[in-house]
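This is run.pdb (PDB, C-alpha atoms and all ligand atoms).
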```pdb
ATOM      1  CA  MET A   1     113.348  93.732 112.154  1.00  0.00           C
ATOM      2  CA  GLN A   2     115.865  96.382 113.251  1.00  0.00           C
ATOM      3  CA  SER A   3     114.549  98.289 116.258  1.00  0.00           C
ATOM      4  CA  ASP A   4     115.122 101.741 114.721  1.00  0.00           C
ATOM      5  CA  SER A   5     113.392 101.093 111.399  1.00  0.00           C
ATOM      6  CA  ALA A   6     109.962 100.382 109.982  1.00  0.00           C
ATOM      7  CA  LEU A   7     108.543  96.881 109.580  1.00  0.00           C
ATOM      8  CA  ARG A   8     109.067  95.974 105.908  1.00  0.00           C
ATOM      9  CA  LEU A   9     106.295  94.040 104.160  1.00  0.00           C
ATOM     10  CA  VAL A  10     106.909  92.619 100.687  1.00  0.00           C
ATOM     11  CA  TRP A  11     103.877  91.695  98.550  1.00  0.00           C
ATOM     12  CA  ILE A  12     105.147  89.369  95.831  1.00  0.00           C
ATOM     13  CA  TYR A  13     103.738  89.388  92.304  1.00  0.00           C
ATOM     14  CA  PRO A  14     100.329  91.077  92.725  1.00  0.00           C
ATOM     15  CA  ASP A  15     100.133  91.078  88.910  1.00  0.00           C
ATOM     16  CA  LEU A  16     100.152  87.250  88.831  1.00  0.00           C
ATOM     17  CA  LEU A  17      98.904  85.946  92.160  1.00  0.00           C
ATOM     18  CA  SER A  18      96.249  87.783  94.127  1.00  0.00           C
ATOM     19  CA  THR A  19      92.827  86.168  94.042  1.00  0.00           C
ATOM     20  CA  TYR A  20      89.965  86.111  96.542  1.00  0.00           C
ATOM     21  CA  GLY A  21      91.149  89.185  98.403  1.00  0.00           C
ATOM     22  CA  ASP A  22      94.655  87.922  99.224  1.00  0.00           C
ATOM     23  CA  GLN A  23      95.929  91.508  99.125  1.00  0.00           C
ATOM     24  CA  GLY A  24      93.817  92.045 102.243  1.00  0.00           C
ATOM     25  CA  ASN A  25      96.504  90.062 104.089  1.00  0.00           C
ATOM     26  CA  VAL A  26      98.911  92.935 103.439  1.00  0.00           C
ATOM     27  CA  LEU A  27      96.380  95.513 104.642  1.00  0.00           C
ATOM     28  CA  VAL A  28      95.662  93.553 107.822  1.00  0.00           C
ATOM     29  CA  LEU A  29      99.368  93.303 108.727  1.00  0.00           C
ATOM     30  CA  GLU A  30      99.828  97.030 108.043  1.00  0.00           C
ATOM     31  CA  GLN A  31      96.828  97.937 110.219  1.00  0.00           C
ATOM     32  CA  ARG A  32      97.642  95.618 113.098  1.00  0.00           C
ATOM     33  CA  ALA A  33     101.258  96.812 113.215  1.00  0.00           C
ATOM     34  CA  ARG A  34     100.305 100.512 113.063  1.00  0.00           C
ATOM     35  CA  ARG A  35      97.685 100.087 115.798  1.00  0.00           C
ATOM     36  CA  ARG A  36     100.614  98.961 117.991  1.00  0.00           C
ATOM     37  CA  GLY A  37     102.641 102.039 117.028  1.00  0.00           C
ATOM     38  CA  ILE A  38     104.939 100.073 114.697  1.00  0.00           C
ATOM     39  CA  PRO A  39     105.738 102.001 111.494  1.00  0.00           C
ATOM     40  CA  VAL A  40     105.305  99.975 108.302  1.00  0.00           C
ATOM     41  CA  GLU A  41     106.696 100.217 104.781  1.00  0.00           C
ATOM     42  CA  THR A  42     105.156  98.014 102.081  1.00  0.00           C
ATOM     43  CA  VAL A  43     106.750  97.143  98.756  1.00  0.00           C
ATOM     44  CA  HIS A  44     104.650  95.682  95.928  1.00  0.00           C
ATOM     45  CA  VAL A  45     106.956  93.590  93.735  1.00  0.00           C
ATOM     46  CA  ARG A  46     105.603  92.993  90.248  1.00  0.00           C
ATOM     47  CA  SER A  47     106.782  89.906  88.403  1.00  0.00           C
ATOM     48  CA  ALA A  48     109.178  91.897  86.190  1.00  0.00           C
ATOM     49  CA  ASP A  49     110.944  93.258  89.301  1.00  0.00           C
ATOM     50  CA  ALA A  50     113.559  91.743  91.585  1.00  0.00           C
ATOM     51  CA  VAL A  51     112.387  90.525  95.000  1.00  0.00           C
ATOM     52  CA  PRO A  52     114.201  92.631  97.618  1.00  0.00           C
ATOM     53  CA  GLU A  53     116.052  90.665 100.289  1.00  0.00           C
ATOM     54  CA  SER A  54     115.628  93.121 103.134  1.00  0.00           C
ATOM     55  CA  GLY A  55     111.946  92.519 103.962  1.00  0.00           C
ATOM     56  CA  ASP A  56     110.650  91.343 107.332  1.00  0.00           C
ATOM     57  CA  ILE A  57     107.450  89.630 106.150  1.00  0.00           C
ATOM     58  CA  TYR A  58     106.862  88.355 102.601  1.00  0.00           C
ATOM     59  CA  LEU A  59     103.377  87.607 101.291  1.00  0.00           C
ATOM     60  CA  ILE A  60     102.269  85.783  98.154  1.00  0.00           C
ATOM     61  CA  GLY A  61      98.713  84.951  97.123  1.00  0.00           C
ATOM     62  CA  GLY A  62      96.752  82.439  95.096  1.00  0.00           C
ATOM     63  CA  GLY A  63      95.929  82.339  91.414  1.00  0.00           C
ATOM     64  CA  GLU A  64      95.203  80.343  88.324  1.00  0.00           C
ATOM     65  CA  ASP A  65      97.451  77.651  86.886  1.00  0.00           C
ATOM     66  CA  ARG A  66      99.297  79.665  84.213  1.00  0.00           C
ATOM     67  CA  PRO A  67     100.193  82.671  86.375  1.00  0.00           C
ATOM     68  CA  GLN A  68     101.218  80.171  89.047  1.00  0.00           C
ATOM     69  CA  ILE A  69     103.695  78.480  86.666  1.00  0.00           C
ATOM     70  CA  LEU A  70     105.087  81.865  85.557  1.00  0.00           C
ATOM     71  CA  ALA A  71     105.451  82.998  89.158  1.00  0.00           C
ATOM     72  CA  ALA A  72     107.356  79.818  90.058  1.00  0.00           C
ATOM     73  CA  GLU A  73     109.774  80.280  87.144  1.00  0.00           C
ATOM     74  CA  ARG A  74     110.439  83.921  88.006  1.00  0.00           C
ATOM     75  CA  LEU A  75     110.843  83.377  91.721  1.00  0.00           C
ATOM     76  CA  ARG A  76     113.268  80.509  91.094  1.00  0.00           C
ATOM     77  CA  ARG A  77     115.338  82.615  88.692  1.00  0.00           C
ATOM     78  CA  ASP A  78     115.238  85.617  91.048  1.00  0.00           C
ATOM     79  CA  GLY A  79     116.388  83.877  94.224  1.00  0.00           C
ATOM     80  CA  GLY A  80     115.576  86.922  96.410  1.00  0.00           C
ATOM     81  CA  LEU A  81     112.899  85.144  98.445  1.00  0.00           C
ATOM     82  CA  HIS A  82     115.259  82.249  99.238  1.00  0.00           C
ATOM     83  CA  ARG A  83     117.903  84.669 100.459  1.00  0.00           C
ATOM     84  CA  ALA A  84     115.369  86.632 102.538  1.00  0.00           C
ATOM     85  CA  VAL A  85     114.083  83.465 104.245  1.00  0.00           C
ATOM     86  CA  GLN A  86     117.655  82.313 104.935  1.00  0.00           C
ATOM     87  CA  ARG A  87     118.203  85.707 106.570  1.00  0.00           C
ATOM     88  CA  GLY A  88     115.252  84.966 108.878  1.00  0.00           C
ATOM     89  CA  ALA A  89     112.337  86.738 107.173  1.00  0.00           C
ATOM     90  CA  ALA A  90     108.777  85.474 107.721  1.00  0.00           C
ATOM     91  CA  LEU A  91     106.556  84.309 104.850  1.00  0.00           C
ATOM     92  CA  LEU A  92     102.819  83.830 104.345  1.00  0.00           C
ATOM     93  CA  ALA A  93     102.098  81.864 101.151  1.00  0.00           C
ATOM     94  CA  VAL A  94      98.490  81.262 100.092  1.00  0.00           C
ATOM     95  CA  CYS A  95      97.145  78.496  97.822  1.00  0.00           C
ATOM     96  CA  ALA A  96      99.006  78.743  94.462  1.00  0.00           C
ATOM     97  CA  GLY A  97     101.704  80.681  96.338  1.00  0.00           C
ATOM     98  CA  TYR A  98     101.806  77.914  98.966  1.00  0.00           C
ATOM     99  CA  GLN A  99     102.185  75.153  96.362  1.00  0.00           C
ATOM    100  CA  ILE A 100     104.994  77.067  94.605  1.00  0.00           C
ATOM    101  CA  MET A 101     107.119  76.995  97.771  1.00  0.00           C
ATOM    102  CA  GLY A 102     107.485  73.212  97.502  1.00  0.00           C
ATOM    103  CA  THR A 103     109.401  70.925  95.185  1.00  0.00           C
ATOM    104  CA  THR A 104     106.572  70.305  92.698  1.00  0.00           C
ATOM    105  CA  PHE A 105     102.931  71.187  91.943  1.00  0.00           C
ATOM    106  CA  GLY A 106     100.299  70.300  89.332  1.00  0.00           C
ATOM    107  CA  GLY A 107     100.103  72.385  86.117  1.00  0.00           C
ATOM    108  CA  GLU A 108      97.042  73.076  83.895  1.00  0.00           C
ATOM    109  CA  GLU A 109      96.802  69.441  82.777  1.00  0.00           C
ATOM    110  CA  GLY A 110      97.959  68.090  86.106  1.00  0.00           C
ATOM    111  CA  GLN A 111     101.540  67.719  84.798  1.00  0.00           C
ATOM    112  CA  PRO A 112     104.239  68.077  87.458  1.00  0.00           C
ATOM    113  CA  VAL A 113     105.797  71.551  87.462  1.00  0.00           C
ATOM    114  CA  ASP A 114     108.902  72.442  89.467  1.00  0.00           C
ATOM    115  CA  GLY A 115     108.320  74.584  92.534  1.00  0.00           C
ATOM    116  CA  ILE A 116     111.035  76.757  94.060  1.00  0.00           C
ATOM    117  CA  GLY A 117     111.996  74.156  96.674  1.00  0.00           C
ATOM    118  CA  LEU A 118     111.980  76.525  99.618  1.00  0.00           C
ATOM    119  CA  ILE A 119     110.291  73.928 101.831  1.00  0.00           C
ATOM    120  CA  ASP A 120     109.833  70.160 101.733  1.00  0.00           C
ATOM    121  CA  ILE A 121     106.258  69.907 100.465  1.00  0.00           C
ATOM    122  CA  ALA A 122     104.961  68.448  97.203  1.00  0.00           C
ATOM    123  CA  SER A 123     101.622  69.177  95.532  1.00  0.00           C
ATOM    124  CA  GLY A 124      99.719  67.436  92.772  1.00  0.00           C
ATOM    125  CA  ARG A 125      96.164  67.246  91.466  1.00  0.00           C
ATOM    126  CA  GLY A 126      93.348  65.954  93.691  1.00  0.00           C
ATOM    127  CA  GLU A 127      90.223  64.073  92.579  1.00  0.00           C
ATOM    128  CA  GLY A 128      88.209  67.235  92.028  1.00  0.00           C
ATOM    129  CA  ARG A 129      88.070  70.929  92.850  1.00  0.00           C
ATOM    130  CA  ALA A 130      87.824  71.819  96.537  1.00  0.00           C
ATOM    131  CA  VAL A 131      85.554  74.860  96.832  1.00  0.00           C
ATOM    132  CA  GLY A 132      83.926  76.235  99.961  1.00  0.00           C
ATOM    133  CA  GLU A 133      84.506  76.948 103.605  1.00  0.00           C
ATOM    134  CA  LEU A 134      87.604  75.548 105.273  1.00  0.00           C
ATOM    135  CA  ALA A 135      88.010  75.375 109.036  1.00  0.00           C
ATOM    136  CA  GLY A 136      90.263  73.556 111.447  1.00  0.00           C
ATOM    137  CA  ASP A 137      92.041  73.651 114.783  1.00  0.00           C
ATOM    138  CA  ALA A 138      95.480  75.201 114.474  1.00  0.00           C
ATOM    139  CA  ASP A 139      98.591  73.227 115.462  1.00  0.00           C
ATOM    140  CA  PRO A 140      98.643  73.625 119.273  1.00  0.00           C
ATOM    141  CA  VAL A 141     102.308  74.725 119.239  1.00  0.00           C
ATOM    142  CA  LEU A 142     101.179  77.918 117.490  1.00  0.00           C
ATOM    143  CA  GLY A 143      98.798  78.947 120.282  1.00  0.00           C
ATOM    144  CA  ILE A 144      96.185  80.493 117.971  1.00  0.00           C
ATOM    145  CA  PRO A 145      92.412  79.920 117.701  1.00  0.00           C
ATOM    146  CA  THR A 146      90.538  77.754 115.189  1.00  0.00           C
ATOM    147  CA  LEU A 147      91.278  78.896 111.655  1.00  0.00           C
ATOM    148  CA  THR A 148      88.554  79.610 109.109  1.00  0.00           C
ATOM    149  CA  GLY A 149      88.593  80.685 105.483  1.00  0.00           C
ATOM    150  CA  PHE A 150      87.540  79.909 101.956  1.00  0.00           C
ATOM    151  CA  GLU A 151      89.254  77.442  99.632  1.00  0.00           C
ATOM    152  CA  ASN A 152      89.157  77.012  95.854  1.00  0.00           C
ATOM    153  CA  HIS A 153      91.832  74.719  94.441  1.00  0.00           C
ATOM    154  CA  MET A 154      92.460  71.464  92.595  1.00  0.00           C
ATOM    155  CA  GLY A 155      95.780  70.757  94.254  1.00  0.00           C
ATOM    156  CA  VAL A 156      96.530  68.469  97.198  1.00  0.00           C
ATOM    157  CA  THR A 157      99.718  68.800  99.205  1.00  0.00           C
ATOM    158  CA  ARG A 158     101.931  66.317 101.043  1.00  0.00           C
ATOM    159  CA  LEU A 159     104.195  67.582 103.812  1.00  0.00           C
ATOM    160  CA  GLY A 160     107.757  66.299 104.122  1.00  0.00           C
ATOM    161  CA  GLN A 161     109.984  65.696 107.151  1.00  0.00           C
ATOM    162  CA  GLY A 162     109.904  68.448 109.750  1.00  0.00           C
ATOM    163  CA  VAL A 163     107.099  70.413 108.087  1.00  0.00           C
ATOM    164  CA  ARG A 164     104.076  70.597 110.403  1.00  0.00           C
ATOM    165  CA  PRO A 165     100.432  71.007 109.368  1.00  0.00           C
ATOM    166  CA  LEU A 166      99.035  74.459 110.108  1.00  0.00           C
ATOM    167  CA  ALA A 167      95.732  72.888 111.210  1.00  0.00           C
ATOM    168  CA  ARG A 168      93.672  69.672 111.419  1.00  0.00           C
ATOM    169  CA  THR A 169      90.856  70.042 108.907  1.00  0.00           C
ATOM    170  CA  ALA A 170      87.374  69.977 110.469  1.00  0.00           C
ATOM    171  CA  VAL A 171      85.512  71.320 107.428  1.00  0.00           C
ATOM    172  CA  GLY A 172      86.789  71.347 103.853  1.00  0.00           C
ATOM    173  CA  THR A 173      89.753  69.765 102.075  1.00  0.00           C
ATOM    174  CA  GLY A 174      92.957  71.720 102.747  1.00  0.00           C
ATOM    175  CA  ASN A 175      95.985  69.525 101.970  1.00  0.00           C
ATOM    176  CA  GLY A 176      93.619  66.634 101.180  1.00  0.00           C
ATOM    177  CA  ASP A 177      94.736  64.297 103.989  1.00  0.00           C
ATOM    178  CA  GLY A 178      92.861  65.721 106.974  1.00  0.00           C
ATOM    179  CA  THR A 179      95.349  68.533 107.447  1.00  0.00           C
ATOM    180  CA  GLU A 180      95.456  72.099 106.209  1.00  0.00           C
ATOM    181  CA  GLY A 181      98.473  74.194 105.253  1.00  0.00           C
ATOM    182  CA  CYS A 182     101.874  73.975 106.846  1.00  0.00           C
ATOM    183  CA  HIS A 183     104.414  75.795 108.962  1.00  0.00           C
ATOM    184  CA  ILE A 184     108.144  75.483 109.401  1.00  0.00           C
ATOM    185  CA  GLY A 185     110.409  78.097 110.913  1.00  0.00           C
ATOM    186  CA  LYS A 186     108.794  81.445 110.132  1.00  0.00           C
ATOM    187  CA  ILE A 187     107.053  80.135 107.009  1.00  0.00           C
ATOM    188  CA  VAL A 188     103.282  79.594 106.889  1.00  0.00           C
ATOM    189  CA  GLY A 189     101.599  78.005 103.871  1.00  0.00           C
ATOM    190  CA  THR A 190      97.824  77.790 103.650  1.00  0.00           C
ATOM    191  CA  TYR A 191      94.876  77.122 101.358  1.00  0.00           C
ATOM    192  CA  LEU A 192      92.886  79.791 103.243  1.00  0.00           C
ATOM    193  CA  HIS A 193      91.646  82.749 101.258  1.00  0.00           C
ATOM    194  CA  GLY A 194      89.081  85.124 102.534  1.00  0.00           C
ATOM    195  CA  PRO A 195      91.594  86.847 103.067  1.00  0.00           C
ATOM    196  CA  ALA A 196      93.256  84.550 105.591  1.00  0.00           C
ATOM    197  CA  LEU A 197      94.556  87.225 107.954  1.00  0.00           C
ATOM    198  CA  ALA A 198      91.319  89.241 108.032  1.00  0.00           C
ATOM    199  CA  ARG A 199      89.503  86.119 109.144  1.00  0.00           C
ATOM    200  CA  ASN A 200      92.283  84.934 111.462  1.00  0.00           C
ATOM    201  CA  PRO A 201      93.880  87.836 113.342  1.00  0.00           C
ATOM    202  CA  GLY A 202      95.751  85.358 115.562  1.00  0.00           C
ATOM    203  CA  LEU A 203      97.671  84.213 112.496  1.00  0.00           C
ATOM    204  CA  ALA A 204      98.391  87.845 111.552  1.00  0.00           C
ATOM    205  CA  ASP A 205      99.770  88.532 115.030  1.00  0.00           C
ATOM    206  CA  LEU A 206     101.882  85.372 114.912  1.00  0.00           C
ATOM    207  CA  LEU A 207     103.629  86.659 111.760  1.00  0.00           C
ATOM    208  CA  LEU A 208     104.054  90.111 113.329  1.00  0.00           C
ATOM    209  CA  THR A 209     105.462  88.597 116.532  1.00  0.00           C
ATOM    210  CA  TRP A 210     108.003  86.562 114.532  1.00  0.00           C
ATOM    211  CA  ALA A 211     109.042  89.673 112.591  1.00  0.00           C
ATOM    212  CA  VAL A 212     109.203  92.047 115.558  1.00  0.00           C
ATOM    213  CA  GLY A 213     110.759  89.461 117.889  1.00  0.00           C
ATOM    214  CA  ALA A 214     108.534  90.462 120.828  1.00  0.00           C
ATOM    215  CA  GLN A 215     105.012  89.874 122.137  1.00  0.00           C
ATOM    216  CA  LEU A 216     102.506  92.451 120.911  1.00  0.00           C
ATOM    217  CA  PRO A 217      99.921  94.210 123.106  1.00  0.00           C
ATOM    218  CA  PRO A 218      96.376  92.859 122.486  1.00  0.00           C
ATOM    219  CA  ILE A 219      93.947  94.906 120.407  1.00  0.00           C
ATOM    220  CA  ASP A 220      90.155  94.786 120.238  1.00  0.00           C
ATOM    221  CA  ASP A 221      89.219  91.842 118.018  1.00  0.00           C
ATOM    222  CA  ALA A 222      85.518  91.635 118.907  1.00  0.00           C
ATOM    223  CA  TRP A 223      84.490  92.119 115.269  1.00  0.00           C
ATOM    224  CA  PHE A 224      86.865  89.393 114.022  1.00  0.00           C
ATOM    225  CA  GLU A 225      85.697  87.019 116.748  1.00  0.00           C
ATOM    226  CA  ARG A 226      82.056  87.595 115.754  1.00  0.00           C
ATOM    227  CA  LEU A 227      82.931  86.787 112.145  1.00  0.00           C
ATOM    228  CA  ARG A 228      84.724  83.581 113.190  1.00  0.00           C
ATOM    229  CA  GLU A 229      81.782  82.445 115.355  1.00  0.00           C
ATOM    230  CA  GLU A 230      79.362  83.195 112.530  1.00  0.00           C
ATOM    231  CA  ARG A 231      81.418  81.231 109.980  1.00  0.00           C
ATOM    232  CA  LEU A 232      81.909  78.294 112.348  1.00  0.00           C
ATOM    233  CA  ALA A 233      78.185  78.212 113.159  1.00  0.00           C
ATOM    234  CA  ALA A 234      77.418  78.238 109.423  1.00  0.00           C
ATOM    235  CA  VAL A 235      79.621  75.248 108.617  1.00  0.00           C
ATOM    236  CA  ARG A 236      79.286  73.123 111.773  1.00  0.00           C
ATOM    237  CA  PRO A 237      77.101  70.064 111.217  1.00  0.00           C
ATOM    238  CA  GLY A 238      73.724  70.229 113.001  1.00  0.00           C
TER     239      GLY A 238
HETATM  240  N1  LIG A 301      95.962  76.550  90.642  1.00  0.00           N
HETATM  241  C1  LIG A 301      96.071  75.998  91.968  1.00  0.00           C
HETATM  242  C2  LIG A 301      95.087  74.867  92.205  1.00  0.00           C
HETATM  243  O1  LIG A 301      94.033  74.831  91.575  1.00  0.00           O
HETATM  244  C3  LIG A 301      95.898  77.099  93.001  1.00  0.00           C
HETATM  245  C4  LIG A 301      94.523  77.718  93.023  1.00  0.00           C
HETATM  246  C5  LIG A 301      94.426  78.952  93.883  1.00  0.00           C
HETATM  247  O2  LIG A 301      95.428  79.600  94.174  1.00  0.00           O
HETATM  248  N2  LIG A 301      93.218  79.334  94.284  1.00  0.00           N
HETATM  249  O3  LIG A 301      95.324  74.028  93.044  1.00  0.00           O
END
```

As structure tokens - that is how I would like this structure written.
Amino acid sequence: MQSDSALRLVWIYPDLLSTYGDQGNVLVLEQRARRRGIPVETVHVRSADAVPESGDIYLIGGGEDRPQILAAERLRRDGGLHRAVQRGAALLAVCAGYQIMGTTFGGEEGQPVDGIGLIDIASGRGEGRAVGELAGDADPVLGIPTLTGFENHMGVTRLGQGVRPLARTAVGTGNGDGTEGCHIGKIVGTYLHGPALARNPGLADLLLTWAVGAQLPPIDDAWFERLREERLAAVRPG
């Protein structure tokens, strides 16, 4: 982010991928930046439009199989997200959006569909649908609290060389191998809906910190913390 300008958020393909309140992730970033006195400009990029390359944080949500396949085709053809990430932009990709970022993912019949190959992950179909609460301790290098959210997907995801899990799964399925989501550079992929950033303000601030390039002053998160404790208490065994 340039110091004299607003933080630029880019919400990719709301017409195709935005289920389970994923657009809330955009609202949370806007709010948390503005509460720190950082001006914000948000662009909603529909699937017929080009993805601008000048954003600071890109967001893409989850969705059903067909819109997911369409979104992958269009993003690949467009190339704007690749160029933005190469420039150093941050990205939060949720569920279908997360799977698209990899080399391959499962289509409606489980057939392999090409992803956009932005990161070295590969998704396919799991044994059944993973639906319900998802919680896990975040990768310690990220320095953020236990993550919670809601998952609803058929896909399972394998992480390649150099791509780290976002969390170890304590409750729920996530990637399907005891881990949940991924991170590499300034890219975060996750199966967390809910929306993810409303339920995990630490993750929101991590993305903002990457984009702004400086630590942010703390803000009152008592309400978020209460929600996290409540969700953890609801899913913890015993
Ligand atoms: N269609 C994908 C799957 O079922 C993603 C689902 C979603 O984004 N909620 O795995």

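With CA of Gln161 in chain A on one side and CA of Thr103 in chain A on the other, the separation reads 13.1 Å.
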
key: Residues in the PyMOL selection byres (((chain A and resi 160) around 12) and not hetatm), expressed as a VMD selection string   = chain A and resid 102 to 103 117 to 123 157 to 159 161 to 165 182 to 184

Report as JSON lines the residues of chain A within 6 Å of ligand LIG 301 (chain A), each with its shortest atom pair and distance in Å (one decimal), using all atoms listed in the file, ordered by chain and increasing residue number.
```
{"residue": "A:Gly62", "atom": "CA", "partner": "A:LIG301", "partner_atom": "O2", "distance": 3.3}
{"residue": "A:Gly63", "atom": "CA", "partner": "A:LIG301", "partner_atom": "O2", "distance": 3.9}
{"residue": "A:Glu64", "atom": "CA", "partner": "A:LIG301", "partner_atom": "N1", "distance": 4.5}
{"residue": "A:Asp65", "atom": "CA", "partner": "A:LIG301", "partner_atom": "N1", "distance": 4.2}
{"residue": "A:Cys95", "atom": "CA", "partner": "A:LIG301", "partner_atom": "O2", "distance": 4.2}
{"residue": "A:Ala96", "atom": "CA", "partner": "A:LIG301", "partner_atom": "O2", "distance": 3.7}
{"residue": "A:Asn152", "atom": "CA", "partner": "A:LIG301", "partner_atom": "N2", "distance": 4.9}
{"residue": "A:His153", "atom": "CA", "partner": "A:LIG301", "partner_atom": "O1", "distance": 3.6}
{"residue": "A:Met154", "atom": "CA", "partner": "A:LIG301", "partner_atom": "O1", "distance": 3.9}
{"residue": "A:Gly155", "atom": "CA", "partner": "A:LIG301", "partner_atom": "O3", "distance": 3.5}
```

request  = Take the PyMOL selection byres (((chain A and resi 90) around 7) and not hetatm), apply it to the structure above, and return the hits as a PyMOL selection string.
outcome  = chain A and resi 56-58+85+88-89+91+186-187+207+210-211

inquiry  = To test your reading of the syntax: which residues would the PyMOL selection byres (((chain A and resi 20-30) around 6) and not hetatm) return for the file shown? Reply as a list in words.
reply    = Ser18, Thr19, Gln31, Arg32, Ala33, Gly61, Pro195 and Leu197 of chain A

Now that the selection is made, can you save its residues with C-alpha atoms as a short mmCIF file (atom, residue, chain, number, x, y, z; two decimals), in the frame of the given file?
```
data_model
loop_
_atom_site.label_atom_id
_atom_site.label_comp_id
_atom_site.auth_asym_id
_atom_site.auth_seq_id
_atom_site.Cartn_x
_atom_site.Cartn_y
_atom_site.Cartn_z
CA SER A 18 96.25 87.78 94.13
CA THR A 19 92.83 86.17 94.04
CA GLN A 31 96.83 97.94 110.22
CA ARG A 32 97.64 95.62 113.10
CA ALA A 33 101.26 96.81 113.22
CA GLY A 61 98.71 84.95 97.12
CA PRO A 195 91.59 86.85 103.07
CA LEU A 197 94.56 87.22 107.95
#
```

remark   = Of A:Asp139, A:Glu230, A:Glu151, A:Asp49, the one nearest to Arg77 in chain A when counting only C-alpha atoms is A:Asp49

Residue with smallest distance to His44 in chain A - pool A:Phe150, A:Tyr191, A:Trp223, A:Tyr13, counting only C-alpha atoms =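 Checking each candidate against His44 in chain A, we get A:Tyr13 as the closest.
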
task = Can you work out which one of A:Gly143, A:Pro201, A:Gly172, A:Pro112 has the shortest atom-to-atom distance to Ala222 in chain A, counting all atoms listed in the file?
result = A:Pro201

key: Distance criterion (only C-alpha atoms): nearest to Arg231 in chain A out of A:Leu81, A:Val43, A:Ala135, A:Ala130   = A:Ala135

Length of the CA of Glu180 in chain A to CA of Ala167 in chain A vector [Å] = 5.1 Å

request  = Name the closest residue to Arg236 in chain A among the candidates A:Ile60, A:Leu75, A:Ala170, A:Met1; distances are taken between atoms, counting only C-alpha atoms.
outcome  = A:Ala170

task = For CA of Val212 in chain A and CA of Thr190 in chain A, determine how far apart the two atoms are, in Å to one decimal place.
result =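 Answer for the CA of Val212 in chain A to CA of Thr190 in chain A separation: 21.8 Å.
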
inquiry  = Here is a test: counting all atoms listed in the file, which residue of A:Asp221, A:Leu7, A:Val235, A:Gly126 is nearest to Ile38 in chain A?
reply    =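 Among the listed residues, A:Leu7 lies closest to Ile38 in chain A.
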
Please return the centre and edge lengths, in Å to one decimal, of a box with edges along x, y and z that contains all listed atoms of range 214-231 of chain A, widened by 5 Å on every side, as JSON.
```
{"center_x": 93.9, "center_y": 88.1, "center_z": 116.5, "size_x": 39.2, "size_y": 23.7, "size_z": 23.1}
```

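Non-sequential neighbours of Phe105 in chain A (distance at most 7 Å, separation of 2 or more positions within a chain, only C-alpha atoms) are A:Gln99, A:Ile100, A:Gly107, A:Pro112, A:Val113, A:Asp114, A:Gly115, A:Ala122, A:Ser123, A:Gly124.
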